[in-house]
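Step one of this worksheet: look at the structure below.
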Amino acid sequence: MDLALTADQETLRGVFADFFASEAGPDRARAAEPSGVDGPAWERLLETGAPGMGLPESLGGGGASLADLAVVAEELGATIAPLPLIEHAVSARLLASIGACPDPVVGGTEIATLALHPAQDGTSRLVPAGAVARHVVALDGDRLVLASGDAPGTALGNHGCLPLAHRPLDGAAVLLEGPEAHAAHARALDEWRTLTATALVGIARTALDLGVGYAKERQQFGQPIGAFQAVQHLLADLPGLVDGARLLAAKAAWAGSTDPSGADGIVDLDDNDITDFATLAGMSLVVAGEAAATATDRSLHVHGGYGFAEEYDIQLFYRRARAWSLVLDDPARECRRIADLLLGAA
Amino acid sequence: MDFSLSPRTAEFRTEVMAFLDSHLTDEIIDTMHRTGTFNDKPFNAALADAGLLAGAVPGYGDRDPIELYVLFNELEKAGAPYDGLAVSMLAAGVINAVGTDFLREQVLERLLTGRFNCCLGYSEPDHGSDVAAITTRAVRDGDEWVINGQKMWTTMAHEADWVILLTRTEPDVPKHKGLTMFLVPMDTPGIEVQPVPTMASERTNATFYDEVRIGDEWRLGDVNGGWSVMGVALAFERGVMGGTNPAVPLLRHVRGWAADAPSPDGGRMIDDPLLRERIARTAIANQVSQLLTLRAAWIAATGGLPGLEGSMAKLYATDRYQQAVGWFQQMAGADGLLGFGTDGAAADGWIDYDARHSPVTSIYGGTTEINRNNVAERHLGLPRTR
Ligand SMILES: Cc1cc2nc3c(=O)[nH]c(=O)nc-3n(C[C@H](O)[C@H](O)[C@H](O)COP(=O)(O)OP(=O)(O)OC[C@H]3O[C@@H](n4cnc5c(N)ncnc54)[C@H](O)[C@@H]3O)c2cc1C
């Protein structure tokens, strides 16, 4: 039992907190709207090795675990960095696991992504980072395919200004077929859930900081609004929610790092004993999505009318808090999927 | 990070689970709900004899607070009577931290045998959340103290050998500075205990103190230093010692019920999509509550005092427990209204029980509002409102 980051992870966190502080943040996110990608910042990110960080050293990657990647993901979320790092990392790891990762993907000069939903009529719809990725890993029926080609460059206009696009899979190479195809996609999707959950924790963390900061500054009735108990109590529920979401996402990342096969985890509902990666990954996205939605909602409310104004940063976090998780699915449907893992299929 | 228990703690957990398998009978659980006394002396004694209690005292010996968490978490999950034991072990922890050799010998050593109990006398009829304003008086008389006043909600007083009593020793100073804590033997003349029944099964008490005389050796901490003793006790209490995973047994009971219960729409309840969603949401909240509690234990294990983290765990866990109870009570329909021992009761009456019990969890041990005040002021650094 050890709930602290390792010394290496602390270093990693410091490095990326600094990187995102200068190469991301609300102003950069605003400037990157509506496409949702900051090209120059991605170029700078290549210099840090982050795109290939989670790949084996034998391929020229950094050999980092899912838990290490999560450390970076929280900082990315905290600064709503318009960089498709999570999609790139999980799809590259999938490709590497079957010996199919192109060299430019390791270096990040070509962006890869994962289609979250099975393809319909030969097209993957609403692919995250689909507007900018050259490589799309997708599940098409019982086949896992890799579609490579020029990215459309323009995103479908959306709530969170994510670089979403529909991607046709014409001419895609078949990577795997049958149960292996489904298992590989499921594993990558669970890594996406875990890292996205961690990024949402970052959003929630900053939203809380913004709300608390504003409540200390803003004066009404001759005192800071943070002195009103009604305002305090809106905010006081959040640290537990945010920390709880962080702990669960970290537990999922731990399970996913110690047990890369995804097998042999415990799922004991009656005893509240769960170490199974897939179950924890699903759970962590539900909790983090809720933490980010609640934290941004309450923080925006504490800002009064200014929270609704484009000029204030909280609205940027509010929209992303929803979009980053809903791009996968309705949390209620995710919960029913988790119920199948806990109880067996209905 | 590493979320696995150390081999030693894992072994301890296995021992606790084996103990519960062989010692926690249906009869013990029935008796506890019939009498309202969530304390079973022979059960506590057996725990001590099995060597499982020494680790249950916060800060005592070489045992790790993670073991303390494991013990109370397993007791809570199993639905065992542990309220009395938790208070006794909390008292032992406070004595260990601030008590004299006399109190360690007389009280701490005995508590560790599992054959003695301690209760907490903080709250009064007119002073609950504002506990620093209590008025029960202790006046010095030579080497003795004379105590007069009344306490409310002195749970387990009817079972206890001692009460940890918060008294006012100095009325003319700011309220936090005139308090002194005592450990008062319950057989001292002048103490009266009256039962206070509640809407759930559990019983509590009002206690009265009329010219109660005790020697100065029963003082716990400094004269007028009672508030800092309270601080030690609260840091032990919140989070680590049970109370943050009540929805685990609830979910177990609901699942057992749903596996057989027919759905009004045909099929079984366990296949109902809304129930499945809510079971998953509750299972998720149970994981988060466990992790927040574990964090408090881990902070204690690494030398910190997890007061605020305990408040966060309690806020989250009680809110989610109450929400889950509301969902499952509604989904069980009329059968969920039937109580223990009634034919046809959903989940053998557990849904009814949890629905009656759950409101108190956001009241005792510091209300939700008091915990929010703590987090707002001491964690978020917002201005004090009182
Ligand atoms: C079953 C049970 C067992 C108990 N066991 C024990 C025990 O063993 N020993 C013991 O000493 N005590 C015990 N208690 C007492 C418990 O700690 C108190 O009930 C609790 O601290 C609240 O005090 P109160 O009931 O006087 O409510 P009050 O303090 O009168 O509060 C009433 C309401 O006002 C709110 N409120 C009060 N102050 C504020 C504020 N500053 N800001 C916002 N809202 C506020 C509260 O949150 C609450 O909702 C027990 C209580 C119960 C019900």
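Identifiers in this document derive from the order of the structure tokens: chains are assigned A, B, ..., residues are numbered from 1 separately in each chain, and ligands are numbered from 1 in order of occurrence.
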Exercise for review: Please identify which residues in range 17-203 of chain B DSSP calls alpha helix (DSSP H) from the backbone, and express them as a PyMOL selection string.
Suggested key: chain B and resi 17-23+26-35+41-49+65-78+83-98+101-103+109-111
Review point. Quick one: residues within 7 Å of Arg193 in chain A, only C-alpha atoms counted, chain neighbours fewer than 3 positions away excluded, as a list in words?
Key: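 The residues satisfying every condition are Leu189, Asp190, Thr196, Ala197, Ala281, Gly282 and Leu285 of chain A.
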Exercise for review: Residues within 7 Å of ligand 1, counting only C-alpha atoms and all ligand atoms: report them as an NGL selection string.
Suggested key: :B and (119-123 or 125-130 or 152-156 or 198 or 202 or 204 or 360 or 363-370 or 373 or 386)
Check your understanding: Counting only C-alpha atoms, what is within 10 Å of range 211-225 of chain A, bar same-chain residues fewer than 2 positions away, as a PyMOL selection string?
Key -> (chain A and resi 206-209+227-232+234-236+295-303+307+314) or (chain B and resi 376+380-383)
Practice item. Determine which residues of chain B sit within 8 Å of chain A, taking into account only C-alpha atoms, and present them as an NGL selection string. Key: :B and (1-6 or 77 or 248-249 or 251-252 or 270-271 or 273 or 276-281 or 283-284 or 286-289 or 291-292 or 295 or 298 or 309 or 312-313 or 315-316 or 369 or 372-373 or 375-376 or 380 or 382-385)
Write the residues you've just listed into a file as a tab-separated table (two decimals), in the first residue's frame, and include N, CA and C atoms for each of them.
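Okay, selection-v7.tsv is ready:
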chain	number	residue	atom	x	y	z
B	1	MET	N	2.28	4.36	-7.19
B	1	MET	CA	1.27	3.96	-6.21
B	1	MET	C	1.12	2.46	-6.24
B	2	ASP	N	0.67	1.94	-5.09
B	2	ASP	CA	0.47	0.50	-4.99
B	2	ASP	C	-0.79	0.30	-4.15
B	3	PHE	N	-1.79	-0.30	-4.75
B	3	PHE	CA	-3.06	-0.46	-4.07
B	3	PHE	C	-3.23	-1.84	-3.43
B	4	SER	N	-2.15	-2.62	-3.42
B	4	SER	CA	-2.28	-3.93	-2.77
B	4	SER	C	-1.89	-3.80	-1.31
B	5	LEU	N	-2.48	-4.64	-0.47
B	5	LEU	CA	-2.11	-4.65	0.94
B	5	LEU	C	-0.74	-5.31	1.07
B	6	SER	N	0.04	-4.85	2.06
B	6	SER	CA	1.33	-5.50	2.30
B	6	SER	C	1.05	-6.94	2.72
B	77	LYS	N	-18.41	-4.34	6.77
B	77	LYS	CA	-18.90	-5.04	5.58
B	77	LYS	C	-19.70	-6.28	5.97
B	248	VAL	N	-21.87	-1.24	1.44
B	248	VAL	CA	-21.38	-2.56	1.00
B	248	VAL	C	-22.35	-3.66	1.45
B	249	PRO	N	-22.68	-3.75	2.75
B	249	PRO	CA	-23.70	-4.75	3.12
B	249	PRO	C	-25.04	-4.45	2.46
B	251	LEU	N	-25.62	-3.28	-0.50
B	251	LEU	CA	-25.59	-3.78	-1.88
B	251	LEU	C	-25.63	-5.31	-1.91
B	252	ARG	N	-24.96	-5.94	-0.96
B	252	ARG	CA	-24.98	-7.40	-0.88
B	252	ARG	C	-26.42	-7.89	-0.65
B	270	ILE	N	-33.11	-8.61	-10.97
B	270	ILE	CA	-31.68	-8.47	-11.25
B	270	ILE	C	-31.44	-8.15	-12.73
B	271	ASP	N	-32.43	-8.39	-13.58
B	271	ASP	CA	-32.28	-8.08	-15.00
B	271	ASP	C	-32.88	-6.73	-15.37
B	273	PRO	N	-32.96	-3.05	-16.12
B	273	PRO	CA	-31.84	-2.17	-16.51
B	273	PRO	C	-31.59	-1.03	-15.53
B	276	ARG	N	-29.89	-2.41	-12.45
B	276	ARG	CA	-28.49	-2.74	-12.76
B	276	ARG	C	-27.62	-1.49	-12.79
B	277	GLU	N	-28.16	-0.43	-13.39
B	277	GLU	CA	-27.41	0.83	-13.42
B	277	GLU	C	-27.14	1.30	-11.99
B	278	ARG	N	-28.14	1.21	-11.15
B	278	ARG	CA	-27.99	1.73	-9.79
B	278	ARG	C	-27.09	0.83	-8.93
B	279	ILE	N	-27.13	-0.46	-9.20
B	279	ILE	CA	-26.18	-1.36	-8.52
B	279	ILE	C	-24.75	-0.96	-8.92
B	280	ALA	N	-24.55	-0.71	-10.20
B	280	ALA	CA	-23.20	-0.31	-10.65
B	280	ALA	C	-22.79	1.01	-10.01
B	281	ARG	N	-23.70	1.98	-9.99
B	281	ARG	CA	-23.37	3.29	-9.40
B	281	ARG	C	-23.01	3.14	-7.92
B	283	ALA	N	-21.85	0.37	-6.51
B	283	ALA	CA	-20.56	-0.34	-6.43
B	283	ALA	C	-19.41	0.63	-6.68
B	284	ILE	N	-19.61	1.56	-7.59
B	284	ILE	CA	-18.57	2.56	-7.87
B	284	ILE	C	-18.36	3.45	-6.64
B	286	ASN	N	-18.95	2.70	-3.65
B	286	ASN	CA	-18.32	1.90	-2.59
B	286	ASN	C	-16.81	1.84	-2.77
B	287	GLN	N	-16.38	1.74	-4.01
B	287	GLN	CA	-14.94	1.75	-4.27
B	287	GLN	C	-14.34	3.11	-3.87
B	288	VAL	N	-15.00	4.19	-4.27
B	288	VAL	CA	-14.47	5.52	-3.97
B	288	VAL	C	-14.45	5.75	-2.46
B	289	SER	N	-15.53	5.36	-1.78
B	289	SER	CA	-15.57	5.54	-0.32
B	289	SER	C	-14.44	4.75	0.34
B	291	LEU	N	-11.58	3.95	-1.01
B	291	LEU	CA	-10.28	4.59	-1.30
B	291	LEU	C	-10.08	5.85	-0.48
B	292	LEU	N	-11.13	6.63	-0.29
B	292	LEU	CA	-10.99	7.85	0.52
B	292	LEU	C	-10.68	7.48	1.98
B	295	ARG	N	-7.13	6.26	2.16
B	295	ARG	CA	-6.19	7.37	2.12
B	295	ARG	C	-6.00	7.96	3.52
B	298	TRP	N	-3.87	5.65	5.34
B	298	TRP	CA	-2.49	5.69	4.83
B	298	TRP	C	-1.77	6.94	5.35
B	309	GLU	N	-9.12	14.70	5.67
B	309	GLU	CA	-9.36	13.61	4.72
B	309	GLU	C	-10.48	12.71	5.25
B	312	MET	N	-13.70	14.41	4.42
B	312	MET	CA	-14.03	14.23	3.00
B	312	MET	C	-14.64	12.84	2.77
B	313	ALA	N	-14.04	11.83	3.40
B	313	ALA	CA	-14.55	10.47	3.24
B	313	ALA	C	-15.97	10.37	3.78
B	315	LEU	N	-18.21	12.81	4.22
B	315	LEU	CA	-19.14	13.58	3.38
B	315	LEU	C	-19.56	12.77	2.16
B	316	TYR	N	-18.59	12.23	1.47
B	316	TYR	CA	-18.86	11.49	0.24
B	316	TYR	C	-19.65	10.22	0.54
B	369	GLU	N	-22.97	19.45	7.62
B	369	GLU	CA	-22.66	20.89	7.55
B	369	GLU	C	-21.38	21.22	8.30
B	372	ARG	N	-18.54	20.13	6.19
B	372	ARG	CA	-18.33	21.07	5.07
B	372	ARG	C	-17.66	22.34	5.56
B	373	ASN	N	-18.07	22.82	6.73
B	373	ASN	CA	-17.41	24.01	7.28
B	373	ASN	C	-15.91	23.76	7.44
B	375	VAL	N	-13.96	21.59	5.85
B	375	VAL	CA	-13.27	21.50	4.56
B	375	VAL	C	-13.15	22.90	3.95
B	376	ALA	N	-14.22	23.68	4.02
B	376	ALA	CA	-14.21	25.02	3.42
B	376	ALA	C	-13.15	25.90	4.06
B	380	LEU	N	-9.91	24.52	1.95
B	380	LEU	CA	-9.99	25.47	0.83
B	380	LEU	C	-9.55	26.88	1.23
B	382	LEU	N	-11.23	29.21	2.82
B	382	LEU	CA	-12.26	30.25	2.71
B	382	LEU	C	-12.44	30.91	4.08
B	383	PRO	N	-12.98	32.14	4.09
B	383	PRO	CA	-13.07	32.85	5.38
B	383	PRO	C	-13.98	32.13	6.38
B	384	ARG	N	-13.65	32.25	7.64
B	384	ARG	CA	-14.49	31.69	8.70
B	384	ARG	C	-15.82	32.40	8.73
B	385	THR	N	-16.91	31.61	8.91
B	385	THR	CA	-18.22	32.25	8.95
B	385	THR	C	-18.74	32.40	10.37
Review point. Within 10 Å of Val71 in chain A, counting only C-alpha atoms, which residues qualify if same-chain residues fewer than 3 places away don't, as a VMD selection string?
Key: chain A and resid 5 9 to 10 12 to 14 16 to 17 66 to 68 74 to 76 195 198 to 199 202 250 253
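Going from CA of Ser88 in chain B to CA of Ala235 in chain B covers 15.1 Å.
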Exercise for review: For range 111-116 of chain B, list every protein, DNA or RNA residue within 12 Å, evaluated using only C-alpha atoms, and leave out those in the same chain fewer than 5 positions away; present the list as an MDAnalysis selection string.
Suggested key: chainID B and resid 39:57 60:61 82 84:93 95:96 103:106 156:157 159:163 185:186
